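Taking it in order: structure first as structure tokens, then the write-up.
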Protein chains: 2
Amino acid sequence: MAADVSSPRSPPDRHGQRRAILDAALAVLAREGEAGFTVRRIAEAAGCSTTGVYTWFGGKAGLVDAIFVEGFESFDAALEPAYAAGDLVAAGREYRRWALANPTHFLVMFGRAVPDVRPGEEALRRGLASFQRLVDHVRLVRPDLAEDEAFDWAYHVNATVHGYVLTELTGMSTAPHRAEELFELGLCRLLAPLSGSP
Amino acid sequence: MAADVSSPRSPPDRHGQRRAILDAALAVLAREGEAGFTVRRIAEAAGCSTTGVYTWFGGKAGLVDAIFVEGFESFDAALEPAYAAGDLVAAGREYRRWALANPTHFLVMFGRAVPDVRPGEEALRRGLASFQRLVDHVRLVRPDLAEDEAFDWAYHVNATVHGYVLTELTGMSTAPHRAEELFELGLCRLLAPLSGSP
DNA sequence: CGGCACGACGTAACAATGTTATGGGACGTA
DNA sequence: TACGTCCCATAACATTGTTACGTCGTGCCG
């Protein structure tokens, strides 16, 4: 009952297939969580067979890699307004908000939720680009810093925010009900030396 | 050929079986990584059948829970000397050292390396105890802080150190070769307001 | 001392997973 | 019109976590 739509779509539209699988994967991830993240389920949701995942992504690992890229692009877009406003605190806040809105997506990227999958080359390249935006923003906020100093500060900011969010998302927070409040406090402490007097 | 040792040990020594499985799980995890973390492989390494994992731990999730407890105890012991010396920087350093020495163990606990497993009640309780030691230490270093202030500082320190280590361990570091240097720098920035003038 | 119940354990099966071999069928090109 | 080259579905493979069943040994009660 699933292959009855094959007659109207005479052109295979190869990119449509790839896009459909990727969208289906993200939808399944958001709806059923990491447990439902199955090649068969994804293929079913995309309206194709499991082979499609292998022809377009080379396997589950390749699909996860594409999900990395998708994720970086998505929260780059989410952080863009904060960057444009020159507000690092807001950027950190948006980072957490994105993670809470897409918990399984976030955990697939940074928490090894899909076994035996490490970030591939494409994912690392895209992640580096995403990080570079943070470095640029640090330089914008603090023009007195040298390039490598800005890099180190960005690394520090990223690691700290990342740690807060991941602690909360993996259920390891020691004060779950105060997670937001503690995050805000942490942002203050983290960014005070950056926005305060040089 | 595996059951030939059954005659000398007439009492089944129930705790021996449990301990053997747990040790085997940790050994397999360290030797073969998260990919080899299989009920069958663990049982084989422990010299028993797969059923043992279910009678003693109730399944794979229960085994992971026991691994949580084991992990917290292990790095509590690793941090103890630093705590005794009243050195928070050294404690942070030991935290990272433990994670690098037991990467897969660490990722199972904090990175979802085993699918569909969230920290159970026992794990959370043990984690909280481990965190409490950090709170106590913060109070020791800074007796002027109130209990809840110390808690918030400990939360901040933990999240930050956690973020650094996890970024490095999941292969998402933007400067892998400088990971140690950046970690040390981060520790300085993080702990300066704690050890400096109140 | 003997029989019995209970719990631990191995064997073997189950459903579900990622992956791959096989084959068919649609498109573009000569 | 015939051919080659992809794309894709069907079906099989090995391996995973889990469970039902039968068996054996231990410890308790008569």
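Residue numbering restarts at 1 for every chain of the structure tokens, chains are lettered A, B, ... in their displayed order, and ligands are numbered from 1 as they appear.
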
Give me, as a list of chain:residue names, all polymer residues having an atom no more than 12 Å from C:DA15, counting only C-alpha atoms (C1' of nucleotides) and skipping those fewer than 2 positions away in the same chain.
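Returned residues: C:DA13, C:DT17, D:DT16, D:DG17, D:DT18, D:DT19.
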
Sort by chain and increasing residue number a table of all residues of chain C within 9 Å of chain B, each with its closest pair of atoms and their distance in Å to one decimal, counting only C-alpha atoms (C1' of nucleotides), and write it as a tab-separated table.
residue	atom	partner	partner_atom	distance
C:DA8	C1'	B:Thr55	CA	7.8
C:DC9	C1'	B:Thr51	CA	7.1
C:DG10	C1'	B:Ser49	CA	6.4

Find the residues near A:His156: any atom within 8 Å, counting only C-alpha atoms (C1' of nucleotides), skip ones fewer than 6 places away on the same chain, and give them as a list in words.
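What passes the distance filter is Tyr164, Leu182 and Gly186 of chain B.
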
Point-to-point distance in Å for atom CA of B:Leu22 and atom CA of B:Ser130
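Atom CA of B:Ser130 sits 20.6 Å away from atom CA of B:Leu22.
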
Which polymer residues have any atom within 12 Å of an atom of D:DG4, counting only C-alpha atoms (C1' of nucleotides), with same-chain residues fewer than 2 positions away left out, as a list in words?
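Contacts, in chain order: DC27, DG28, DT29 and DA30 of chain C; DA2 and DC6 of chain D.
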
Serialized selection, N, CA and C atoms (P, O5', C5', C4', C3', O3' and C1' of nucleotides), as a PDB file, in the first residue's frame:
ATOM      1  P    DC C  27      10.705   7.501 -16.668  1.00  0.00           P
ATOM      2  O5'  DC C  27      12.051   8.179 -17.198  1.00  0.00           O
ATOM      3  C5'  DC C  27      12.863   8.915 -16.287  1.00  0.00           C
ATOM      4  C4'  DC C  27      14.319   8.876 -16.734  1.00  0.00           C
ATOM      5  C3'  DC C  27      14.583   9.559 -18.084  1.00  0.00           C
ATOM      6  O3'  DC C  27      15.113  10.859 -17.849  1.00  0.00           O
ATOM      7  C1'  DC C  27      15.778   7.468 -17.849  1.00  0.00           C
ATOM      8  P    DG C  28      15.254  11.886 -19.078  1.00  0.00           P
ATOM      9  O5'  DG C  28      16.671  11.518 -19.702  1.00  0.00           O
ATOM     10  C5'  DG C  28      17.859  11.754 -18.966  1.00  0.00           C
ATOM     11  C4'  DG C  28      19.058  11.196 -19.713  1.00  0.00           C
ATOM     12  C3'  DG C  28      19.328  11.855 -21.076  1.00  0.00           C
ATOM     13  O3'  DG C  28      20.728  12.079 -21.225  1.00  0.00           O
ATOM     14  C1'  DG C  28      19.067   9.510 -21.356  1.00  0.00           C
ATOM     15  P    DT C  29      21.249  12.883 -22.605  1.00  0.00           P
ATOM     16  O5'  DT C  29      21.778  11.717 -23.540  1.00  0.00           O
ATOM     17  C5'  DT C  29      22.799  10.826 -23.056  1.00  0.00           C
ATOM     18  C4'  DT C  29      23.143   9.783 -24.115  1.00  0.00           C
ATOM     19  C3'  DT C  29      23.381  10.353 -25.522  1.00  0.00           C
ATOM     20  O3'  DT C  29      24.538   9.760 -26.080  1.00  0.00           O
ATOM     21  C1'  DT C  29      21.793   8.610 -25.609  1.00  0.00           C
ATOM     22  P    DA C  30      25.209  10.449 -27.388  1.00  0.00           P
ATOM     23  O5'  DA C  30      25.255   9.277 -28.466  1.00  0.00           O
ATOM     24  C5'  DA C  30      25.942   8.068 -28.154  1.00  0.00           C
ATOM     25  C4'  DA C  30      25.417   6.932 -29.016  1.00  0.00           C
ATOM     26  C3'  DA C  30      25.595   7.127 -30.525  1.00  0.00           C
ATOM     27  O3'  DA C  30      26.030   5.916 -31.108  1.00  0.00           O
ATOM     28  C1'  DA C  30      23.323   6.744 -30.040  1.00  0.00           C
TER      29       DA C  30
ATOM     30  P    DA D   2      14.497  -2.743 -31.321  1.00  0.00           P
ATOM     31  O5'  DA D   2      15.898  -2.701 -30.558  1.00  0.00           O
ATOM     32  C5'  DA D   2      17.105  -2.695 -31.305  1.00  0.00           C
ATOM     33  C4'  DA D   2      18.234  -2.159 -30.459  1.00  0.00           C
ATOM     34  C3'  DA D   2      18.458  -2.928 -29.157  1.00  0.00           C
ATOM     35  O3'  DA D   2      19.836  -3.284 -29.067  1.00  0.00           O
ATOM     36  C1'  DA D   2      18.262  -0.603 -28.714  1.00  0.00           C
ATOM     37  P    DC D   6      26.744   5.545 -14.139  1.00  0.00           P
ATOM     38  O5'  DC D   6      25.954   6.256 -12.955  1.00  0.00           O
ATOM     39  C5'  DC D   6      25.194   5.472 -12.054  1.00  0.00           C
ATOM     40  C4'  DC D   6      23.700   5.744 -12.212  1.00  0.00           C
ATOM     41  C3'  DC D   6      22.910   5.601 -10.924  1.00  0.00           C
ATOM     42  O3'  DC D   6      22.555   6.904 -10.469  1.00  0.00           O
ATOM     43  C1'  DC D   6      21.845   4.479 -12.773  1.00  0.00           C
TER      44       DC D   6
END

Please identify all polymer residues within 8 Å of stretch 134-139 of chain B, counting only C-alpha atoms (C1' of nucleotides), omitting same-chain residues fewer than 3 positions from it, and present them as JSON, numbers by chain.
{"B": [83, 86, 88, 130, 131, 142, 143, 144, 145, 146, 147, 150, 151, 153, 154]}

Could you write out the selected residues, including N, CA and C atoms, as a PDB file, in the first residue's frame?
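Everything below was put into selection_8.pdb:
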ATOM      1  N   TYR B  83      41.377  17.237  46.460  1.00  0.00           N
ATOM      2  CA  TYR B  83      40.490  17.816  47.462  1.00  0.00           C
ATOM      3  C   TYR B  83      41.223  17.955  48.793  1.00  0.00           C
ATOM      4  N   GLY B  86      43.343  20.775  49.005  1.00  0.00           N
ATOM      5  CA  GLY B  86      42.656  22.054  48.880  1.00  0.00           C
ATOM      6  C   GLY B  86      42.925  22.748  47.568  1.00  0.00           C
ATOM      7  N   LEU B  88      41.612  23.257  43.902  1.00  0.00           N
ATOM      8  CA  LEU B  88      40.520  23.069  42.941  1.00  0.00           C
ATOM      9  C   LEU B  88      41.046  22.886  41.518  1.00  0.00           C
ATOM     10  N   SER B 130      28.618  12.649  44.648  1.00  0.00           N
ATOM     11  CA  SER B 130      29.895  13.082  44.084  1.00  0.00           C
ATOM     12  C   SER B 130      29.936  14.604  43.956  1.00  0.00           C
ATOM     13  N   PHE B 131      28.828  15.156  43.524  1.00  0.00           N
ATOM     14  CA  PHE B 131      28.742  16.618  43.369  1.00  0.00           C
ATOM     15  C   PHE B 131      28.835  17.311  44.722  1.00  0.00           C
ATOM     16  N   ARG B 142      36.256  28.763  50.086  1.00  0.00           N
ATOM     17  CA  ARG B 142      35.647  30.076  50.285  1.00  0.00           C
ATOM     18  C   ARG B 142      34.612  30.019  51.409  1.00  0.00           C
ATOM     19  N   PRO B 143      35.089  30.065  52.663  1.00  0.00           N
ATOM     20  CA  PRO B 143      34.158  29.934  53.794  1.00  0.00           C
ATOM     21  C   PRO B 143      33.179  31.099  53.874  1.00  0.00           C
ATOM     22  N   ASP B 144      33.462  32.168  53.147  1.00  0.00           N
ATOM     23  CA  ASP B 144      32.571  33.324  53.216  1.00  0.00           C
ATOM     24  C   ASP B 144      31.278  33.123  52.421  1.00  0.00           C
ATOM     25  N   LEU B 145      31.241  32.085  51.601  1.00  0.00           N
ATOM     26  CA  LEU B 145      30.043  31.862  50.784  1.00  0.00           C
ATOM     27  C   LEU B 145      28.962  31.119  51.572  1.00  0.00           C
ATOM     28  N   ALA B 146      27.736  31.464  51.305  1.00  0.00           N
ATOM     29  CA  ALA B 146      26.612  30.730  51.895  1.00  0.00           C
ATOM     30  C   ALA B 146      26.474  29.377  51.204  1.00  0.00           C
ATOM     31  N   GLU B 147      25.712  28.502  51.806  1.00  0.00           N
ATOM     32  CA  GLU B 147      25.550  27.148  51.259  1.00  0.00           C
ATOM     33  C   GLU B 147      25.042  27.173  49.822  1.00  0.00           C
ATOM     34  N   ALA B 150      27.622  28.516  47.396  1.00  0.00           N
ATOM     35  CA  ALA B 150      28.619  27.482  47.111  1.00  0.00           C
ATOM     36  C   ALA B 150      28.074  26.455  46.128  1.00  0.00           C
ATOM     37  N   PHE B 151      26.804  26.106  46.311  1.00  0.00           N
ATOM     38  CA  PHE B 151      26.163  25.165  45.388  1.00  0.00           C
ATOM     39  C   PHE B 151      26.204  25.708  43.963  1.00  0.00           C
ATOM     40  N   TRP B 153      28.172  27.923  42.668  1.00  0.00           N
ATOM     41  CA  TRP B 153      29.544  27.941  42.155  1.00  0.00           C
ATOM     42  C   TRP B 153      29.997  26.547  41.742  1.00  0.00           C
ATOM     43  N   ALA B 154      29.669  25.582  42.565  1.00  0.00           N
ATOM     44  CA  ALA B 154      30.051  24.198  42.238  1.00  0.00           C
ATOM     45  C   ALA B 154      29.385  23.757  40.937  1.00  0.00           C
TER      46      ALA B 154
END

Residue with smallest distance to B:Val161 - pool B:Ala61, B:Ala90, B:Ala175, B:Val117, counting only C-alpha atoms:
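Looking only at the distances to B:Val161, the closest residue turns out to be B:Ala90.
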
Up to 10 Å from chain A, what residues of chain B turn up? Count only C-alpha atoms and give them as a PDB file with N, CA and C atoms, in the first residue's frame.
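Writing done, so here's out-v6.pdb:
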ATOM      1  N   GLY B  33      35.884  -0.713  23.303  1.00  0.00           N
ATOM      2  CA  GLY B  33      35.085   0.484  23.084  1.00  0.00           C
ATOM      3  C   GLY B  33      33.606   0.199  23.133  1.00  0.00           C
ATOM      4  N   GLU B  34      32.827   1.218  22.879  1.00  0.00           N
ATOM      5  CA  GLU B  34      31.382   1.101  22.988  1.00  0.00           C
ATOM      6  C   GLU B  34      30.789   0.130  21.973  1.00  0.00           C
ATOM      7  N   ALA B  35      31.499  -0.115  20.881  1.00  0.00           N
ATOM      8  CA  ALA B  35      30.980  -1.004  19.847  1.00  0.00           C
ATOM      9  C   ALA B  35      30.941  -2.446  20.347  1.00  0.00           C
ATOM     10  N   GLY B  36      31.915  -2.836  21.159  1.00  0.00           N
ATOM     11  CA  GLY B  36      31.965  -4.204  21.646  1.00  0.00           C
ATOM     12  C   GLY B  36      31.161  -4.422  22.910  1.00  0.00           C
ATOM     13  N   LEU B 107      32.050   8.253  28.401  1.00  0.00           N
ATOM     14  CA  LEU B 107      31.011   8.517  27.403  1.00  0.00           C
ATOM     15  C   LEU B 107      29.756   7.706  27.664  1.00  0.00           C
ATOM     16  N   VAL B 108      29.910   6.533  28.228  1.00  0.00           N
ATOM     17  CA  VAL B 108      28.725   5.768  28.604  1.00  0.00           C
ATOM     18  C   VAL B 108      27.946   6.524  29.675  1.00  0.00           C
ATOM     19  N   MET B 109      28.668   7.133  30.610  1.00  0.00           N
ATOM     20  CA  MET B 109      27.995   7.840  31.695  1.00  0.00           C
ATOM     21  C   MET B 109      27.366   9.148  31.224  1.00  0.00           C
ATOM     22  N   PHE B 110      28.118   9.945  30.469  1.00  0.00           N
ATOM     23  CA  PHE B 110      27.662  11.304  30.199  1.00  0.00           C
ATOM     24  C   PHE B 110      27.352  11.576  28.739  1.00  0.00           C
ATOM     25  N   GLY B 111      27.494  10.586  27.892  1.00  0.00           N
ATOM     26  CA  GLY B 111      27.340  10.869  26.477  1.00  0.00           C
ATOM     27  C   GLY B 111      26.370   9.971  25.747  1.00  0.00           C
ATOM     28  N   ARG B 112      25.576   9.173  26.484  1.00  0.00           N
ATOM     29  CA  ARG B 112      24.598   8.370  25.768  1.00  0.00           C
ATOM     30  C   ARG B 112      25.223   7.354  24.826  1.00  0.00           C
ATOM     31  N   ALA B 113      26.404   6.851  25.163  1.00  0.00           N
ATOM     32  CA  ALA B 113      27.065   5.920  24.256  1.00  0.00           C
ATOM     33  C   ALA B 113      26.300   4.612  24.144  1.00  0.00           C
ATOM     34  N   VAL B 114      25.542   4.268  25.166  1.00  0.00           N
ATOM     35  CA  VAL B 114      24.672   3.088  25.095  1.00  0.00           C
ATOM     36  C   VAL B 114      23.254   3.580  24.832  1.00  0.00           C
ATOM     37  N   PRO B 115      22.671   3.170  23.716  1.00  0.00           N
ATOM     38  CA  PRO B 115      21.385   3.743  23.317  1.00  0.00           C
ATOM     39  C   PRO B 115      20.262   3.415  24.289  1.00  0.00           C
ATOM     40  N   ASP B 116      19.295   4.309  24.393  1.00  0.00           N
ATOM     41  CA  ASP B 116      18.071   4.117  25.164  1.00  0.00           C
ATOM     42  C   ASP B 116      18.317   3.974  26.657  1.00  0.00           C
ATOM     43  N   VAL B 117      19.463   4.419  27.134  1.00  0.00           N
ATOM     44  CA  VAL B 117      19.742   4.298  28.553  1.00  0.00           C
ATOM     45  C   VAL B 117      19.915   5.680  29.163  1.00  0.00           C
ATOM     46  N   ARG B 118      19.064   6.009  30.075  1.00  0.00           N
ATOM     47  CA  ARG B 118      19.209   7.242  30.834  1.00  0.00           C
ATOM     48  C   ARG B 118      19.686   6.882  32.233  1.00  0.00           C
ATOM     49  N   PRO B 119      20.355   7.817  32.907  1.00  0.00           N
ATOM     50  CA  PRO B 119      20.813   7.503  34.265  1.00  0.00           C
ATOM     51  C   PRO B 119      19.642   7.114  35.156  1.00  0.00           C
ATOM     52  N   GLY B 120      19.764   6.001  35.843  1.00  0.00           N
ATOM     53  CA  GLY B 120      18.720   5.537  36.737  1.00  0.00           C
ATOM     54  C   GLY B 120      18.788   6.225  38.083  1.00  0.00           C
ATOM     55  N   ALA B 123      22.125   5.805  39.940  1.00  0.00           N
ATOM     56  CA  ALA B 123      23.168   6.610  39.318  1.00  0.00           C
ATOM     57  C   ALA B 123      23.037   8.071  39.732  1.00  0.00           C
ATOM     58  N   LEU B 124      21.820   8.582  39.709  1.00  0.00           N
ATOM     59  CA  LEU B 124      21.609   9.986  40.061  1.00  0.00           C
ATOM     60  C   LEU B 124      21.981  10.247  41.524  1.00  0.00           C
ATOM     61  N   ARG B 125      21.604   9.299  42.388  1.00  0.00           N
ATOM     62  CA  ARG B 125      21.930   9.459  43.797  1.00  0.00           C
ATOM     63  C   ARG B 125      23.447   9.511  43.991  1.00  0.00           C
ATOM     64  N   GLY B 127      25.694  10.268  41.753  1.00  0.00           N
ATOM     65  CA  GLY B 127      26.211  11.477  41.127  1.00  0.00           C
ATOM     66  C   GLY B 127      26.036  12.688  42.019  1.00  0.00           C
ATOM     67  N   LEU B 128      24.905  12.729  42.683  1.00  0.00           N
ATOM     68  CA  LEU B 128      24.646  13.847  43.592  1.00  0.00           C
ATOM     69  C   LEU B 128      25.646  13.837  44.747  1.00  0.00           C
ATOM     70  N   ALA B 129      25.935  12.636  45.256  1.00  0.00           N
ATOM     71  CA  ALA B 129      26.919  12.519  46.338  1.00  0.00           C
ATOM     72  C   ALA B 129      28.280  13.023  45.869  1.00  0.00           C
ATOM     73  N   PHE B 131      28.828  15.156  43.524  1.00  0.00           N
ATOM     74  CA  PHE B 131      28.742  16.618  43.369  1.00  0.00           C
ATOM     75  C   PHE B 131      28.835  17.311  44.722  1.00  0.00           C
ATOM     76  N   GLN B 132      28.257  16.691  45.738  1.00  0.00           N
ATOM     77  CA  GLN B 132      28.257  17.296  47.060  1.00  0.00           C
ATOM     78  C   GLN B 132      29.681  17.488  47.586  1.00  0.00           C
ATOM     79  N   PHE B 151      26.804  26.106  46.311  1.00  0.00           N
ATOM     80  CA  PHE B 151      26.163  25.165  45.388  1.00  0.00           C
ATOM     81  C   PHE B 151      26.204  25.708  43.963  1.00  0.00           C
ATOM     82  N   ASP B 152      25.814  26.965  43.804  1.00  0.00           N
ATOM     83  CA  ASP B 152      25.783  27.550  42.466  1.00  0.00           C
ATOM     84  C   ASP B 152      27.177  27.600  41.842  1.00  0.00           C
ATOM     85  N   TRP B 153      28.172  27.923  42.668  1.00  0.00           N
ATOM     86  CA  TRP B 153      29.544  27.941  42.155  1.00  0.00           C
ATOM     87  C   TRP B 153      29.997  26.547  41.742  1.00  0.00           C
ATOM     88  N   TYR B 155      28.127  24.143  40.781  1.00  0.00           N
ATOM     89  CA  TYR B 155      27.403  23.808  39.555  1.00  0.00           C
ATOM     90  C   TYR B 155      28.115  24.418  38.348  1.00  0.00           C
ATOM     91  N   HIS B 156      28.518  25.658  38.511  1.00  0.00           N
ATOM     92  CA  HIS B 156      29.206  26.360  37.428  1.00  0.00           C
ATOM     93  C   HIS B 156      30.540  25.684  37.083  1.00  0.00           C
ATOM     94  N   VAL B 157      31.297  25.380  38.120  1.00  0.00           N
ATOM     95  CA  VAL B 157      32.594  24.737  37.907  1.00  0.00           C
ATOM     96  C   VAL B 157      32.416  23.376  37.241  1.00  0.00           C
ATOM     97  N   ASN B 158      31.468  22.618  37.736  1.00  0.00           N
ATOM     98  CA  ASN B 158      31.232  21.286  37.183  1.00  0.00           C
ATOM     99  C   ASN B 158      30.809  21.354  35.717  1.00  0.00           C
ATOM    100  N   ALA B 159      29.866  22.234  35.431  1.00  0.00           N
ATOM    101  CA  ALA B 159      29.379  22.340  34.054  1.00  0.00           C
ATOM    102  C   ALA B 159      30.509  22.740  33.108  1.00  0.00           C
ATOM    103  N   THR B 160      31.323  23.678  33.537  1.00  0.00           N
ATOM    104  CA  THR B 160      32.401  24.160  32.675  1.00  0.00           C
ATOM    105  C   THR B 160      33.429  23.070  32.402  1.00  0.00           C
ATOM    106  N   VAL B 161      33.922  22.462  33.459  1.00  0.00           N
ATOM    107  CA  VAL B 161      34.917  21.397  33.291  1.00  0.00           C
ATOM    108  C   VAL B 161      34.329  20.264  32.447  1.00  0.00           C
ATOM    109  N   HIS B 162      33.098  19.921  32.759  1.00  0.00           N
ATOM    110  CA  HIS B 162      32.385  18.883  32.011  1.00  0.00           C
ATOM    111  C   HIS B 162      32.331  19.233  30.521  1.00  0.00           C
ATOM    112  N   GLY B 163      32.022  20.476  30.230  1.00  0.00           N
ATOM    113  CA  GLY B 163      31.922  20.903  28.845  1.00  0.00           C
ATOM    114  C   GLY B 163      33.247  20.791  28.113  1.00  0.00           C
ATOM    115  N   TYR B 164      34.325  21.225  28.750  1.00  0.00           N
ATOM    116  CA  TYR B 164      35.652  21.097  28.144  1.00  0.00           C
ATOM    117  C   TYR B 164      35.963  19.645  27.818  1.00  0.00           C
ATOM    118  N   VAL B 165      35.771  18.787  28.800  1.00  0.00           N
ATOM    119  CA  VAL B 165      36.144  17.381  28.639  1.00  0.00           C
ATOM    120  C   VAL B 165      35.294  16.702  27.581  1.00  0.00           C
ATOM    121  N   LEU B 166      34.006  16.992  27.613  1.00  0.00           N
ATOM    122  CA  LEU B 166      33.103  16.338  26.668  1.00  0.00           C
ATOM    123  C   LEU B 166      33.357  16.823  25.245  1.00  0.00           C
ATOM    124  N   THR B 167      33.627  18.093  25.086  1.00  0.00           N
ATOM    125  CA  THR B 167      33.968  18.615  23.769  1.00  0.00           C
ATOM    126  C   THR B 167      35.179  17.876  23.204  1.00  0.00           C
ATOM    127  N   GLU B 168      36.161  17.707  24.046  1.00  0.00           N
ATOM    128  CA  GLU B 168      37.379  17.032  23.605  1.00  0.00           C
ATOM    129  C   GLU B 168      37.117  15.560  23.308  1.00  0.00           C
ATOM    130  N   LEU B 169      36.359  14.911  24.168  1.00  0.00           N
ATOM    131  CA  LEU B 169      36.184  13.463  24.073  1.00  0.00           C
ATOM    132  C   LEU B 169      35.268  13.052  22.922  1.00  0.00           C
ATOM    133  N   THR B 170      34.322  13.886  22.574  1.00  0.00           N
ATOM    134  CA  THR B 170      33.440  13.533  21.467  1.00  0.00           C
ATOM    135  C   THR B 170      34.041  13.905  20.115  1.00  0.00           C
ATOM    136  N   GLY B 171      35.269  14.417  20.149  1.00  0.00           N
ATOM    137  CA  GLY B 171      35.942  14.746  18.900  1.00  0.00           C
ATOM    138  C   GLY B 171      35.452  16.029  18.269  1.00  0.00           C
ATOM    139  N   MET B 172      34.806  16.880  19.077  1.00  0.00           N
ATOM    140  CA  MET B 172      34.262  18.113  18.532  1.00  0.00           C
ATOM    141  C   MET B 172      35.141  19.317  18.840  1.00  0.00           C
ATOM    142  N   SER B 173      36.303  19.095  19.402  1.00  0.00           N
ATOM    143  CA  SER B 173      37.197  20.216  19.700  1.00  0.00           C
ATOM    144  C   SER B 173      37.653  20.898  18.416  1.00  0.00           C
ATOM    145  N   THR B 174      37.661  22.222  18.431  1.00  0.00           N
ATOM    146  CA  THR B 174      38.105  22.954  17.249  1.00  0.00           C
ATOM    147  C   THR B 174      39.621  23.125  17.224  1.00  0.00           C
ATOM    148  N   ALA B 175      40.275  22.664  18.290  1.00  0.00           N
ATOM    149  CA  ALA B 175      41.737  22.724  18.332  1.00  0.00           C
ATOM    150  C   ALA B 175      42.247  21.535  19.141  1.00  0.00           C
ATOM    151  N   ALA B 179      44.202  21.006  23.127  1.00  0.00           N
ATOM    152  CA  ALA B 179      43.141  20.741  24.110  1.00  0.00           C
ATOM    153  C   ALA B 179      43.629  20.921  25.543  1.00  0.00           C
ATOM    154  N   GLU B 181      46.273  22.614  26.711  1.00  0.00           N
ATOM    155  CA  GLU B 181      46.622  24.026  26.965  1.00  0.00           C
ATOM    156  C   GLU B 181      45.362  24.860  27.184  1.00  0.00           C
ATOM    157  N   LEU B 182      44.371  24.665  26.314  1.00  0.00           N
ATOM    158  CA  LEU B 182      43.136  25.440  26.435  1.00  0.00           C
ATOM    159  C   LEU B 182      42.373  25.080  27.699  1.00  0.00           C
ATOM    160  N   PHE B 183      42.462  23.823  28.093  1.00  0.00           N
ATOM    161  CA  PHE B 183      41.803  23.401  29.328  1.00  0.00           C
ATOM    162  C   PHE B 183      42.429  24.096  30.535  1.00  0.00           C
ATOM    163  N   LEU B 185      44.053  26.914  30.564  1.00  0.00           N
ATOM    164  CA  LEU B 185      43.671  28.322  30.491  1.00  0.00           C
ATOM    165  C   LEU B 185      42.240  28.516  30.983  1.00  0.00           C
ATOM    166  N   GLY B 186      41.371  27.615  30.566  1.00  0.00           N
ATOM    167  CA  GLY B 186      39.972  27.684  30.997  1.00  0.00           C
ATOM    168  C   GLY B 186      39.839  27.528  32.501  1.00  0.00           C
ATOM    169  N   LEU B 187      40.601  26.610  33.077  1.00  0.00           N
ATOM    170  CA  LEU B 187      40.574  26.419  34.522  1.00  0.00           C
ATOM    171  C   LEU B 187      40.966  27.710  35.239  1.00  0.00           C
ATOM    172  N   ARG B 189      40.710  30.840  34.146  1.00  0.00           N
ATOM    173  CA  ARG B 189      39.628  31.817  34.014  1.00  0.00           C
ATOM    174  C   ARG B 189      38.446  31.441  34.892  1.00  0.00           C
ATOM    175  N   LEU B 190      38.156  30.151  34.947  1.00  0.00           N
ATOM    176  CA  LEU B 190      37.010  29.686  35.711  1.00  0.00           C
ATOM    177  C   LEU B 190      37.197  29.887  37.209  1.00  0.00           C
ATOM    178  N   PRO B 193      38.023  33.873  39.999  1.00  0.00           N
ATOM    179  CA  PRO B 193      37.168  34.602  40.939  1.00  0.00           C
ATOM    180  C   PRO B 193      36.927  33.836  42.237  1.00  0.00           C
TER     181      PRO B 193
END

How would you write, as an MDAnalysis selection string, the set of residues in stretch 22-77 of chain B that DSSP gives as helix (DSSP H, G or I)?
chainID B and resid 22:32 34:36 39:46 51:57 60:77
